[in-house]
file input.cif (mmCIF, C-alpha atoms)
data_upload
loop_
_atom_site.group_PDB
_atom_site.id
_atom_site.type_symbol
_atom_site.label_atom_id
_atom_site.label_comp_id
_atom_site.auth_asym_id
_atom_site.auth_seq_id
_atom_site.Cartn_x
_atom_site.Cartn_y
_atom_site.Cartn_z
ATOM 1 C CA MET A 1 -20.306 48.981 -8.463
ATOM 2 C CA VAL A 2 -23.842 50.002 -9.346
ATOM 3 C CA LEU A 3 -26.801 47.829 -10.247
ATOM 4 C CA SER A 4 -28.207 48.844 -13.630
ATOM 5 C CA ALA A 5 -31.905 48.761 -14.446
ATOM 6 C CA ASN A 6 -31.227 45.516 -16.309
ATOM 7 C CA ASP A 7 -29.451 44.018 -13.285
ATOM 8 C CA LYS A 8 -32.377 44.896 -11.036
ATOM 9 C CA SER A 9 -34.873 43.413 -13.431
ATOM 10 C CA ASN A 10 -32.777 40.239 -13.837
ATOM 11 C CA VAL A 11 -32.474 39.772 -10.069
ATOM 12 C CA LYS A 12 -36.152 40.442 -9.386
ATOM 13 C CA GLY A 13 -37.066 38.067 -12.189
ATOM 14 C CA LEU A 14 -34.832 35.346 -10.796
ATOM 15 C CA PHE A 15 -36.191 35.591 -7.265
ATOM 16 C CA GLY A 16 -39.703 35.724 -8.664
ATOM 17 C CA LYS A 17 -39.103 32.394 -10.390
ATOM 18 C CA ILE A 18 -37.444 30.828 -7.345
ATOM 19 C CA GLY A 19 -40.502 31.872 -5.348
ATOM 20 C CA GLY A 20 -41.444 29.569 -2.490
ATOM 21 C CA GLN A 21 -38.334 27.436 -2.946
ATOM 22 C CA ALA A 22 -36.162 30.202 -1.548
ATOM 23 C CA ASP A 23 -35.977 28.431 1.817
ATOM 24 C CA ASP A 24 -34.587 25.289 0.172
ATOM 25 C CA TYR A 25 -32.117 27.346 -1.833
ATOM 26 C CA GLY A 26 -30.969 28.979 1.395
ATOM 27 C CA ALA A 27 -30.529 25.678 3.209
ATOM 28 C CA GLU A 28 -28.617 24.099 0.339
ATOM 29 C CA THR A 29 -26.435 27.214 0.014
ATOM 30 C CA LEU A 30 -25.341 26.838 3.613
ATOM 31 C CA GLU A 31 -24.876 23.073 3.286
ATOM 32 C CA ARG A 32 -22.610 23.620 0.282
ATOM 33 C CA MET A 33 -20.746 26.440 1.986
ATOM 34 C CA PHE A 34 -19.952 24.336 5.048
ATOM 35 C CA ALA A 35 -18.889 21.406 2.833
ATOM 36 C CA THR A 36 -16.826 23.413 0.367
ATOM 37 C CA TYR A 37 -15.299 25.953 2.737
ATOM 38 C CA PRO A 38 -14.938 24.209 6.107
ATOM 39 C CA GLN A 39 -13.523 27.368 7.694
ATOM 40 C CA THR A 40 -17.025 28.878 7.511
ATOM 41 C CA LYS A 41 -18.134 26.354 10.109
ATOM 42 C CA THR A 42 -16.130 28.263 12.711
ATOM 43 C CA TYR A 43 -18.988 30.745 12.934
ATOM 44 C CA PHE A 44 -21.421 27.997 13.950
ATOM 45 C CA PRO A 45 -19.846 26.038 16.800
ATOM 46 C CA HIS A 46 -23.251 26.016 18.445
ATOM 47 C CA PHE A 47 -24.962 24.363 15.481
ATOM 48 C CA ASP A 48 -25.438 20.769 14.513
ATOM 49 C CA LEU A 49 -23.986 20.901 11.018
ATOM 50 C CA GLY A 50 -24.747 17.304 10.089
ATOM 51 C CA LYS A 51 -26.733 16.411 6.994
ATOM 52 C CA GLY A 52 -30.369 17.451 7.234
ATOM 53 C CA SER A 53 -29.775 19.591 10.294
ATOM 54 C CA ALA A 54 -32.885 21.478 11.330
ATOM 55 C CA GLN A 55 -30.681 24.330 12.535
ATOM 56 C CA VAL A 56 -29.034 24.664 9.119
ATOM 57 C CA LYS A 57 -32.445 24.550 7.437
ATOM 58 C CA GLY A 58 -33.737 27.213 9.804
ATOM 59 C CA HIS A 59 -30.740 29.414 9.248
ATOM 60 C CA GLY A 60 -30.877 28.896 5.489
ATOM 61 C CA LYS A 61 -34.455 30.156 5.607
ATOM 62 C CA LYS A 62 -33.277 33.333 7.356
ATOM 63 C CA VAL A 63 -30.485 33.897 4.837
ATOM 64 C CA ALA A 64 -32.862 33.354 1.919
ATOM 65 C CA ALA A 65 -35.422 35.717 3.433
ATOM 66 C CA ALA A 66 -32.766 38.423 3.662
ATOM 67 C CA LEU A 67 -31.812 37.956 0.019
ATOM 68 C CA VAL A 68 -35.472 38.073 -1.016
ATOM 69 C CA GLU A 69 -35.970 41.220 1.069
ATOM 70 C CA ALA A 70 -32.953 42.812 -0.606
ATOM 71 C CA ALA A 71 -34.255 41.846 -4.056
ATOM 72 C CA ASN A 72 -37.698 43.260 -3.238
ATOM 73 C CA ASN A 73 -36.090 46.516 -2.125
ATOM 74 C CA ILE A 74 -33.353 46.531 -4.679
ATOM 75 C CA ASP A 75 -33.375 50.305 -5.016
ATOM 76 C CA ASP A 76 -32.379 50.618 -1.383
ATOM 77 C CA ILE A 77 -30.590 47.479 -0.228
ATOM 78 C CA ALA A 78 -28.786 49.439 2.489
ATOM 79 C CA GLY A 79 -32.097 50.577 3.928
ATOM 80 C CA ALA A 80 -33.705 47.170 3.672
ATOM 81 C CA LEU A 81 -30.802 45.406 5.393
ATOM 82 C CA SER A 82 -29.858 48.154 7.827
ATOM 83 C CA LYS A 83 -30.674 46.126 10.946
ATOM 84 C CA LEU A 84 -28.844 43.090 9.570
ATOM 85 C CA SER A 85 -25.903 45.315 8.790
ATOM 86 C CA ASP A 86 -25.835 46.511 12.429
ATOM 87 C CA LEU A 87 -26.059 42.928 13.648
ATOM 88 C CA HIS A 88 -23.135 41.780 11.521
ATOM 89 C CA ALA A 89 -20.994 44.741 12.562
ATOM 90 C CA GLN A 90 -21.700 44.668 16.264
ATOM 91 C CA LYS A 91 -22.394 41.087 17.121
ATOM 92 C CA LEU A 92 -21.656 38.569 14.386
ATOM 93 C CA ARG A 93 -18.523 40.135 12.896
ATOM 94 C CA VAL A 94 -18.266 37.576 10.134
ATOM 95 C CA ASP A 95 -15.066 38.276 8.205
ATOM 96 C CA PRO A 96 -15.964 40.024 4.930
ATOM 97 C CA VAL A 97 -14.273 37.345 2.816
ATOM 98 C CA ASN A 98 -17.010 34.885 3.761
ATOM 99 C CA PHE A 99 -19.787 36.769 1.982
ATOM 100 C CA LYS A 100 -18.108 35.948 -1.320
ATOM 101 C CA LEU A 101 -18.022 32.284 -0.342
ATOM 102 C CA LEU A 102 -21.737 32.308 0.487
ATOM 103 C CA GLY A 103 -22.436 34.113 -2.780
ATOM 104 C CA GLN A 104 -20.480 31.536 -4.762
ATOM 105 C CA CYS A 105 -22.487 28.733 -3.165
ATOM 106 C CA PHE A 106 -25.801 30.477 -3.848
ATOM 107 C CA LEU A 107 -24.822 30.773 -7.504
ATOM 108 C CA VAL A 108 -23.932 27.060 -7.561
ATOM 109 C CA VAL A 109 -27.342 26.184 -6.090
ATOM 110 C CA VAL A 110 -29.158 28.264 -8.698
ATOM 111 C CA ALA A 111 -26.981 26.774 -11.466
ATOM 112 C CA SER A 112 -27.523 23.207 -10.331
ATOM 113 C CA ARG A 113 -31.258 23.494 -9.646
ATOM 114 C CA ASN A 114 -32.231 25.810 -12.455
ATOM 115 C CA PRO A 115 -29.523 26.101 -15.107
ATOM 116 C CA SER A 116 -31.832 27.701 -17.663
ATOM 117 C CA LEU A 117 -32.487 30.563 -15.232
ATOM 118 C CA LEU A 118 -28.804 31.377 -14.881
ATOM 119 C CA THR A 119 -28.039 32.783 -18.309
ATOM 120 C CA PRO A 120 -24.700 34.617 -18.512
ATOM 121 C CA GLU A 121 -26.509 37.958 -18.197
ATOM 122 C CA VAL A 122 -28.502 36.873 -15.157
ATOM 123 C CA HIS A 123 -25.339 35.325 -13.716
ATOM 124 C CA ALA A 124 -23.583 38.669 -14.021
ATOM 125 C CA SER A 125 -26.492 40.548 -12.432
ATOM 126 C CA LEU A 126 -26.886 38.069 -9.588
ATOM 127 C CA ASP A 127 -23.159 38.130 -8.878
ATOM 128 C CA LYS A 128 -23.276 41.938 -8.672
ATOM 129 C CA PHE A 129 -26.349 41.781 -6.434
ATOM 130 C CA LEU A 130 -24.707 39.319 -4.045
ATOM 131 C CA CYS A 131 -21.607 41.557 -3.905
ATOM 132 C CA ALA A 132 -23.844 44.519 -3.120
ATOM 133 C CA VAL A 133 -25.522 42.600 -0.297
ATOM 134 C CA GLY A 134 -22.133 41.617 1.135
ATOM 135 C CA THR A 135 -20.968 45.226 0.919
ATOM 136 C CA VAL A 136 -24.047 46.439 2.794
ATOM 137 C CA LEU A 137 -23.673 43.814 5.513
ATOM 138 C CA THR A 138 -20.036 44.769 6.132
ATOM 139 C CA ALA A 139 -20.452 48.514 5.610
ATOM 140 C CA LYS A 140 -20.520 49.385 9.306
ATOM 141 C CA TYR A 141 -17.627 47.129 10.339
ATOM 142 C CA ARG A 142 -15.263 50.056 10.899
ATOM 143 C CA MET B 1 2.462 18.348 -2.205
ATOM 144 C CA VAL B 2 -1.314 18.400 -2.139
ATOM 145 C CA HIS B 3 -3.038 15.411 -0.615
ATOM 146 C CA TRP B 4 -6.043 14.030 -2.471
ATOM 147 C CA SER B 5 -8.267 11.489 -0.808
ATOM 148 C CA ALA B 6 -9.494 8.551 -2.857
ATOM 149 C CA GLU B 7 -12.973 10.035 -2.753
ATOM 150 C CA GLU B 8 -11.781 13.410 -4.039
ATOM 151 C CA LYS B 9 -9.902 11.773 -6.900
ATOM 152 C CA GLN B 10 -12.970 9.752 -7.794
ATOM 153 C CA LEU B 11 -15.275 12.781 -7.697
ATOM 154 C CA ILE B 12 -12.921 14.755 -9.906
ATOM 155 C CA ALA B 13 -12.421 11.925 -12.400
ATOM 156 C CA SER B 14 -16.097 11.019 -12.661
ATOM 157 C CA VAL B 15 -17.111 14.584 -13.451
ATOM 158 C CA TRP B 16 -14.225 15.096 -15.868
ATOM 159 C CA ALA B 17 -15.133 11.950 -17.788
ATOM 160 C CA LYS B 18 -18.450 13.535 -18.693
ATOM 161 C CA VAL B 19 -17.217 17.047 -19.466
ATOM 162 C CA ASN B 20 -17.394 18.315 -23.017
ATOM 163 C CA VAL B 21 -14.132 20.228 -22.859
ATOM 164 C CA GLU B 22 -14.864 22.434 -25.853
ATOM 165 C CA GLU B 23 -18.345 23.442 -24.678
ATOM 166 C CA CYS B 24 -17.512 23.875 -21.001
ATOM 167 C CA GLY B 25 -14.277 25.676 -21.739
ATOM 168 C CA ALA B 26 -15.945 28.081 -24.137
ATOM 169 C CA GLU B 27 -18.790 28.730 -21.719
ATOM 170 C CA ALA B 28 -16.506 29.247 -18.736
ATOM 171 C CA LEU B 29 -14.313 31.769 -20.525
ATOM 172 C CA ALA B 30 -17.317 33.571 -22.017
ATOM 173 C CA ARG B 31 -18.938 33.852 -18.609
ATOM 174 C CA LEU B 32 -15.677 35.143 -17.113
ATOM 175 C CA LEU B 33 -15.618 37.929 -19.700
ATOM 176 C CA ILE B 34 -19.333 38.685 -19.174
ATOM 177 C CA VAL B 35 -19.561 38.474 -15.381
ATOM 178 C CA TYR B 36 -16.194 40.171 -14.740
ATOM 179 C CA PRO B 37 -15.858 42.464 -17.747
ATOM 180 C CA TRP B 38 -12.523 43.864 -16.619
ATOM 181 C CA THR B 39 -11.020 40.483 -17.541
ATOM 182 C CA GLN B 40 -11.508 41.511 -21.166
ATOM 183 C CA ARG B 41 -8.352 43.571 -20.763
ATOM 184 C CA PHE B 42 -6.292 40.529 -21.706
ATOM 185 C CA PHE B 43 -8.141 39.903 -24.924
ATOM 186 C CA SER B 44 -8.065 43.141 -26.881
ATOM 187 C CA ASN B 45 -7.159 41.186 -30.018
ATOM 188 C CA PHE B 46 -10.179 38.891 -29.786
ATOM 189 C CA GLY B 47 -12.435 41.136 -31.846
ATOM 190 C CA ASN B 48 -16.023 41.786 -30.838
ATOM 191 C CA LEU B 49 -16.574 41.527 -27.074
ATOM 192 C CA SER B 50 -19.150 44.294 -26.960
ATOM 193 C CA SER B 51 -22.092 42.294 -25.574
ATOM 194 C CA PRO B 52 -22.840 38.940 -23.923
ATOM 195 C CA THR B 53 -24.182 37.697 -27.266
ATOM 196 C CA ALA B 54 -21.030 38.817 -29.073
ATOM 197 C CA ILE B 55 -18.820 37.187 -26.447
ATOM 198 C CA LEU B 56 -20.744 33.899 -26.482
ATOM 199 C CA GLY B 57 -20.543 33.731 -30.259
ATOM 200 C CA ASN B 58 -16.939 34.876 -30.566
ATOM 201 C CA PRO B 59 -14.863 32.083 -32.163
ATOM 202 C CA LYS B 60 -11.630 33.257 -30.526
ATOM 203 C CA VAL B 61 -13.287 33.066 -27.124
ATOM 204 C CA ARG B 62 -14.509 29.556 -27.871
ATOM 205 C CA ALA B 63 -11.103 28.425 -29.083
ATOM 206 C CA HIS B 64 -9.272 29.926 -26.155
ATOM 207 C CA GLY B 65 -11.778 28.529 -23.684
ATOM 208 C CA LYS B 66 -11.195 25.082 -25.119
ATOM 209 C CA LYS B 67 -7.423 25.568 -24.838
ATOM 210 C CA VAL B 68 -7.667 26.635 -21.203
ATOM 211 C CA LEU B 69 -9.912 23.769 -20.153
ATOM 212 C CA THR B 70 -7.838 21.238 -22.091
ATOM 213 C CA SER B 71 -4.912 22.376 -19.980
ATOM 214 C CA PHE B 72 -6.996 21.667 -16.889
ATOM 215 C CA GLY B 73 -7.064 18.081 -18.073
ATOM 216 C CA ASP B 74 -3.298 17.976 -17.612
ATOM 217 C CA ALA B 75 -3.742 18.867 -13.947
ATOM 218 C CA ILE B 76 -6.316 16.121 -13.536
ATOM 219 C CA LYS B 77 -3.959 13.578 -15.108
ATOM 220 C CA ASN B 78 -1.215 14.736 -12.735
ATOM 221 C CA LEU B 79 -3.019 15.443 -9.486
ATOM 222 C CA ASP B 80 0.082 14.527 -7.516
ATOM 223 C CA ASN B 81 2.265 17.053 -9.321
ATOM 224 C CA ILE B 82 0.155 20.001 -10.345
ATOM 225 C CA LYS B 83 2.982 22.359 -9.394
ATOM 226 C CA GLY B 84 5.337 20.713 -11.896
ATOM 227 C CA THR B 85 2.646 20.449 -14.550
ATOM 228 C CA TYR B 86 2.029 24.196 -14.505
ATOM 229 C CA SER B 87 5.567 25.432 -13.913
ATOM 230 C CA LYS B 88 6.149 26.691 -17.445
ATOM 231 C CA LEU B 89 2.613 28.019 -17.812
ATOM 232 C CA SER B 90 3.126 29.944 -14.598
ATOM 233 C CA GLU B 91 6.222 31.623 -15.978
ATOM 234 C CA LEU B 92 4.368 32.395 -19.189
ATOM 235 C CA HIS B 93 1.426 34.006 -17.390
ATOM 236 C CA CYS B 94 3.798 36.159 -15.360
ATOM 237 C CA ASP B 95 6.516 37.103 -17.805
ATOM 238 C CA LYS B 96 4.688 37.259 -21.120
ATOM 239 C CA LEU B 97 0.965 37.495 -20.433
ATOM 240 C CA HIS B 98 1.141 39.638 -17.269
ATOM 241 C CA VAL B 99 -2.035 38.168 -15.825
ATOM 242 C CA ASP B 100 -2.935 39.002 -12.203
ATOM 243 C CA PRO B 101 -3.338 35.599 -10.473
ATOM 244 C CA GLU B 102 -6.655 36.782 -9.048
ATOM 245 C CA ASN B 103 -8.015 36.034 -12.510
ATOM 246 C CA PHE B 104 -7.228 32.332 -12.073
ATOM 247 C CA ARG B 105 -9.412 32.309 -8.972
ATOM 248 C CA LEU B 106 -12.223 34.085 -10.794
ATOM 249 C CA LEU B 107 -12.102 31.603 -13.678
ATOM 250 C CA GLY B 108 -12.028 28.692 -11.245
ATOM 251 C CA ASP B 109 -15.194 29.912 -9.523
ATOM 252 C CA ILE B 110 -16.911 30.385 -12.864
ATOM 253 C CA LEU B 111 -15.935 26.883 -13.956
ATOM 254 C CA ILE B 112 -17.573 25.467 -10.817
ATOM 255 C CA ILE B 113 -20.804 27.262 -11.689
ATOM 256 C CA VAL B 114 -20.682 25.966 -15.279
ATOM 257 C CA LEU B 115 -20.151 22.414 -14.017
ATOM 258 C CA ALA B 116 -23.053 22.823 -11.576
ATOM 259 C CA SER B 117 -25.315 23.988 -14.388
ATOM 260 C CA HIS B 118 -24.371 20.986 -16.536
ATOM 261 C CA PHE B 119 -24.496 18.300 -13.858
ATOM 262 C CA GLY B 120 -27.357 19.564 -11.705
ATOM 263 C CA ARG B 121 -27.988 17.536 -8.561
ATOM 264 C CA ASP B 122 -25.113 15.213 -9.487
ATOM 265 C CA PHE B 123 -22.801 18.094 -8.635
ATOM 266 C CA SER B 124 -23.137 17.321 -4.962
ATOM 267 C CA PRO B 125 -21.637 19.366 -2.121
ATOM 268 C CA ALA B 126 -18.843 16.761 -1.897
ATOM 269 C CA CYS B 127 -18.230 17.184 -5.605
ATOM 270 C CA GLN B 128 -18.148 20.946 -5.227
ATOM 271 C CA PHE B 129 -15.623 20.602 -2.409
ATOM 272 C CA ALA B 130 -13.299 18.436 -4.506
ATOM 273 C CA TRP B 131 -13.545 20.681 -7.543
ATOM 274 C CA GLN B 132 -13.205 23.894 -5.561
ATOM 275 C CA LYS B 133 -10.053 22.395 -4.063
ATOM 276 C CA LEU B 134 -8.805 21.498 -7.546
ATOM 277 C CA VAL B 135 -9.362 24.960 -9.026
ATOM 278 C CA SER B 136 -7.707 26.484 -5.989
ATOM 279 C CA VAL B 137 -4.648 24.233 -6.377
ATOM 280 C CA VAL B 138 -4.460 25.029 -10.096
ATOM 281 C CA ALA B 139 -4.691 28.768 -9.420
ATOM 282 C CA HIS B 140 -1.969 28.474 -6.802
ATOM 283 C CA ALA B 141 0.272 26.504 -9.161
ATOM 284 C CA LEU B 142 -0.192 29.055 -11.929
ATOM 285 C CA ALA B 143 0.774 31.839 -9.549
ATOM 286 C CA ARG B 144 3.721 30.001 -8.048
ATOM 287 C CA LYS B 145 6.437 31.189 -10.445
ATOM 288 C CA TYR B 146 5.436 34.845 -10.293
ATOM 289 C CA HIS B 147 8.123 37.281 -9.351
#

call {"tool": "encode", "arguments": {"input": "input.cif", "output": "structure tokens"}}
result
Amino acid sequence: MVLSANDKSNVKGLFGKIGGQADDYGAETLERMFATYPQTKTYFPHFDLGKGSAQVKGHGKKVAAALVEAANNIDDIAGALSKLSDLHAQKLRVDPVNFKLLGQCFLVVVASRNPSLLTPEVHASLDKFLCAVGTVLTAKYR
Amino acid sequence: MVHWSAEEKQLIASVWAKVNVEECGAEALARLLIVYPWTQRFFSNFGNLSSPTAILGNPKVRAHGKKVLTSFGDAIKNLDNIKGTYSKLSELHCDKLHVDPENFRLLGDILIIVLASHFGRDFSPACQFAWQKLVSVVAHALARKYH
């Protein structure tokens, strides 16, 4: 699965419009993921996962920053996320299925906060981008 | 049998009451065909599916989307027996339509995104949980009679 020039432009455009709210998008993505897919909480036994948790906000900021970084380096996502990829393979070892769940929740956040941004074409591009990010983060698993 | 809490039932019903079945159904199916183009394989007789614009404007897509989402309504009316509700449809999708059940999961996820875009902040995380559970149960029921 390859990102076309259109896909790249759609994704960059989307993140450009989200701008400084990326942190909030990240936090809400995690909140939704933990609520919708409770099994994802098993990776955060050390976190307070209650509503408004500062830890979830902080972690959402990190997740959002990684997505923004990937979008800004969309021609070389593997390069941009190489260290994160190592981390997930060696230390975090989050089962690959969970990246789809996170991606679904990110899409829901964009749809609910900014429905006009998520046209069907942008939806398709963003879905592909999120898949690509998940693929990169699990690429070194075995 | 699936257990639904009172809250889950309420969240499902309150969203459903406000859903325009024709619009949401059409949009969900169109987005499925646009975001996951390989799903077009089941609709070779639908005419022009050559671009997102063509798909969104395609009357057969709209009609079929409405049909699919209307059927969802049957599940919502029969939350305590979704398996029974979809028994015949499950056989149909296996024996006649030959649809890989993965497609039910894909459509379910797309429907959630369409609902989120229509209901905005009202589509709370608790709402998403209830609806994600519903689409998962529906997908499971549709796959149940496969052999």

call {"tool": "closest_atom_pairs", "arguments": {"input": "input.cif", "of": "chain B", "to": "chain A", "cutoff": "10 Å", "atoms": "only C-alpha atoms", "output": "CSV"}}
result
residue,atom,partner,partner_atom,distance
B:Glu27,CA,A:Pro120,CA,8.9
B:Ala28,CA,A:Pro120,CA,9.8
B:Ala30,CA,A:Pro120,CA,8.2
B:Arg31,CA,A:Pro120,CA,5.8
B:Leu32,CA,A:Pro120,CA,9.1
B:Leu33,CA,A:Pro120,CA,9.7
B:Ile34,CA,A:Ala124,CA,6.7
B:Val35,CA,A:Ala124,CA,4.3
B:Tyr36,CA,A:Ala124,CA,7.6
B:Pro37,CA,A:Ala124,CA,9.4
B:Ser51,CA,A:Glu121,CA,9.6
B:Pro52,CA,A:Glu121,CA,6.9
B:Thr53,CA,A:Pro120,CA,9.3
B:Leu56,CA,A:Pro120,CA,8.9
B:Asp109,CA,A:Gln104,CA,7.3
B:Ile110,CA,A:Gln104,CA,8.9
B:Ile112,CA,A:Val108,CA,7.3
B:Ile113,CA,A:Val108,CA,5.2
B:Val114,CA,A:Ala111,CA,7.4
B:Leu115,CA,A:Ser112,CA,8.3
B:Ala116,CA,A:Ser112,CA,4.7
B:Ser117,CA,A:Ala111,CA,4.4
B:His118,CA,A:Ser112,CA,7.3
B:Phe119,CA,A:Ser112,CA,6.8
B:Gly120,CA,A:Ser112,CA,3.9
B:Arg121,CA,A:Ser112,CA,6.0
B:Asp122,CA,A:Ser112,CA,8.4
B:Phe123,CA,A:Ser112,CA,7.2
B:Ser124,CA,A:Arg32,CA,8.2
B:Pro125,CA,A:Arg32,CA,5.0
B:Ala126,CA,A:Ala35,CA,6.6
B:Cys127,CA,A:Thr36,CA,8.7
B:Gln128,CA,A:Thr36,CA,6.3
B:Phe129,CA,A:Thr36,CA,4.1
B:Ala130,CA,A:Thr36,CA,7.8
B:Trp131,CA,A:Thr36,CA,9.0
B:Gln132,CA,A:Thr36,CA,7.0
B:Lys133,CA,A:Thr36,CA,8.2

call {"tool": "write_last_selection", "arguments": {"input": "input.cif", "atoms": "C-alpha atoms", "output": "PDB file, in the frame of the given file"}}
result
ATOM      1  CA  GLU B  27     -18.790  28.730 -21.719  1.00  0.00           C
ATOM      2  CA  ALA B  28     -16.506  29.247 -18.736  1.00  0.00           C
ATOM      3  CA  ALA B  30     -17.317  33.571 -22.017  1.00  0.00           C
ATOM      4  CA  ARG B  31     -18.938  33.852 -18.609  1.00  0.00           C
ATOM      5  CA  LEU B  32     -15.677  35.143 -17.113  1.00  0.00           C
ATOM      6  CA  LEU B  33     -15.618  37.929 -19.700  1.00  0.00           C
ATOM      7  CA  ILE B  34     -19.333  38.685 -19.174  1.00  0.00           C
ATOM      8  CA  VAL B  35     -19.561  38.474 -15.381  1.00  0.00           C
ATOM      9  CA  TYR B  36     -16.194  40.171 -14.740  1.00  0.00           C
ATOM     10  CA  PRO B  37     -15.858  42.464 -17.747  1.00  0.00           C
ATOM     11  CA  SER B  51     -22.092  42.294 -25.574  1.00  0.00           C
ATOM     12  CA  PRO B  52     -22.840  38.940 -23.923  1.00  0.00           C
ATOM     13  CA  THR B  53     -24.182  37.697 -27.266  1.00  0.00           C
ATOM     14  CA  LEU B  56     -20.744  33.899 -26.482  1.00  0.00           C
ATOM     15  CA  ASP B 109     -15.194  29.912  -9.523  1.00  0.00           C
ATOM     16  CA  ILE B 110     -16.911  30.385 -12.864  1.00  0.00           C
ATOM     17  CA  ILE B 112     -17.573  25.467 -10.817  1.00  0.00           C
ATOM     18  CA  ILE B 113     -20.804  27.262 -11.689  1.00  0.00           C
ATOM     19  CA  VAL B 114     -20.682  25.966 -15.279  1.00  0.00           C
ATOM     20  CA  LEU B 115     -20.151  22.414 -14.017  1.00  0.00           C
ATOM     21  CA  ALA B 116     -23.053  22.823 -11.576  1.00  0.00           C
ATOM     22  CA  SER B 117     -25.315  23.988 -14.388  1.00  0.00           C
ATOM     23  CA  HIS B 118     -24.371  20.986 -16.536  1.00  0.00           C
ATOM     24  CA  PHE B 119     -24.496  18.300 -13.858  1.00  0.00           C
ATOM     25  CA  GLY B 120     -27.357  19.564 -11.705  1.00  0.00           C
ATOM     26  CA  ARG B 121     -27.988  17.536  -8.561  1.00  0.00           C
ATOM     27  CA  ASP B 122     -25.113  15.213  -9.487  1.00  0.00           C
ATOM     28  CA  PHE B 123     -22.801  18.094  -8.635  1.00  0.00           C
ATOM     29  CA  SER B 124     -23.137  17.321  -4.962  1.00  0.00           C
ATOM     30  CA  PRO B 125     -21.637  19.366  -2.121  1.00  0.00           C
ATOM     31  CA  ALA B 126     -18.843  16.761  -1.897  1.00  0.00           C
ATOM     32  CA  CYS B 127     -18.230  17.184  -5.605  1.00  0.00           C
ATOM     33  CA  GLN B 128     -18.148  20.946  -5.227  1.00  0.00           C
ATOM     34  CA  PHE B 129     -15.623  20.602  -2.409  1.00  0.00           C
ATOM     35  CA  ALA B 130     -13.299  18.436  -4.506  1.00  0.00           C
ATOM     36  CA  TRP B 131     -13.545  20.681  -7.543  1.00  0.00           C
ATOM     37  CA  GLN B 132     -13.205  23.894  -5.561  1.00  0.00           C
ATOM     38  CA  LYS B 133     -10.053  22.395  -4.063  1.00  0.00           C
TER      39      LYS B 133
END

call {"tool": "atom_distance", "arguments": {"input": "input.cif", "atom1": "CA of Pro59 in chain B", "atom2": "CA of Gln40 in chain B"}}
result
14.9 Å

call {"tool": "residues_around", "arguments": {"input": "input.cif", "residues": "Met1 in chain B", "least_positions_apart": "3", "cutoff": "12 Å", "atoms": "all atoms listed in the file", "output": "PyMOL selection string"}}
result
chain B and resi 4+78-84+137+140-141

call {"tool": "axis_aligned_box", "arguments": {"input": "input.cif", "around": "range 72-81 of chain A", "padding_each_side": "3 Å", "output": "lines of an AutoDock Vina configuration file"}}
result
center_x = -33.2
center_y = 46.9
center_z = 0.2
size_x = 14.9
size_y = 13.4
size_z = 16.4

call {"tool": "resolve_selection", "arguments": {"input": "input.cif", "expression": "the PyMOL selection byres ((chain B and resi 73) around 12)", "output": "list in words"}}
result
Ile12, Ala13, Val15, Trp16, Ala17, Val19, Asn20, Val21, Glu22, Gly25, Lys66, Lys67, Val68, Leu69, Thr70, Ser71, Phe72, Asp74, Ala75, Ile76, Lys77, Asn78, Leu79, Ile82, Thr85, Tyr86, Leu134, Val135 and Val138 of chain B

call {"tool": "resolve_selection", "arguments": {"input": "input.cif", "expression": "the PyMOL selection byres ((chain A and resi 80-91) around 9)", "output": "list in words"}}
result
Ala66, Glu69, Ala70, Asn72, Asn73, Ile74, Asp76, Ile77, Ala78, Gly79, Leu92, Arg93, Val94, Val133, Val136, Leu137, Thr138, Ala139, Lys140, Tyr141 and Arg142 of chain A

call {"tool": "write_last_selection", "arguments": {"input": "input.cif", "atoms": "C-alpha atoms", "output": "tab-separated table (two decimals), in the coordinates of the input"}}
result
chain	number	residue	atom	x	y	z
A	66	ALA	CA	-32.77	38.42	3.66
A	69	GLU	CA	-35.97	41.22	1.07
A	70	ALA	CA	-32.95	42.81	-0.61
A	72	ASN	CA	-37.70	43.26	-3.24
A	73	ASN	CA	-36.09	46.52	-2.12
A	74	ILE	CA	-33.35	46.53	-4.68
A	76	ASP	CA	-32.38	50.62	-1.38
A	77	ILE	CA	-30.59	47.48	-0.23
A	78	ALA	CA	-28.79	49.44	2.49
A	79	GLY	CA	-32.10	50.58	3.93
A	92	LEU	CA	-21.66	38.57	14.39
A	93	ARG	CA	-18.52	40.14	12.90
A	94	VAL	CA	-18.27	37.58	10.13
A	133	VAL	CA	-25.52	42.60	-0.30
A	136	VAL	CA	-24.05	46.44	2.79
A	137	LEU	CA	-23.67	43.81	5.51
A	138	THR	CA	-20.04	44.77	6.13
A	139	ALA	CA	-20.45	48.51	5.61
A	140	LYS	CA	-20.52	49.38	9.31
A	141	TYR	CA	-17.63	47.13	10.34
A	142	ARG	CA	-15.26	50.06	10.90

call {"tool": "atom_distance", "arguments": {"input": "input.cif", "atom1": "CA of Gly103 in chain A", "atom2": "CA of Leu130 in chain A"}}
result
5.8 Å

call {"tool": "atom_distance", "arguments": {"input": "input.cif", "atom1": "CA of Glu23 in chain B", "atom2": "CA of Cys131 in chain A"}}
result
27.8 Å

call {"tool": "closest_residue", "arguments": {"input": "input.cif", "among": "B:Ala26, B:His93, B:Ser87, B:Glu102", "to": "Lys60 in chain B", "atoms": "all atoms listed in the file"}}
result
B:Ala26

call {"tool": "resolve_selection", "arguments": {"input": "input.cif", "expression": "the PyMOL selection byres ((chain A and resi 58-65) around 8)", "output": "list in words"}}
result
Ala22, Asp23, Asp24, Tyr25, Gly26, Ala27, Glu28, Thr29, Leu30, Ala54, Gln55, Val56, Lys57, Ala66, Leu67, Val68 and Glu69 of chain A

call {"tool": "residues_around", "arguments": {"input": "input.cif", "residues": "Leu92 in chain B", "least_positions_apart": "4", "cutoff": "12 Å", "atoms": "only C-alpha atoms", "output": "list in words"}}
result
Tyr86, Ser87, Lys88, Lys96, Leu97, His98, Val99, Leu142, Ala143, Arg144, Lys145, Tyr146 and His147 of chain B
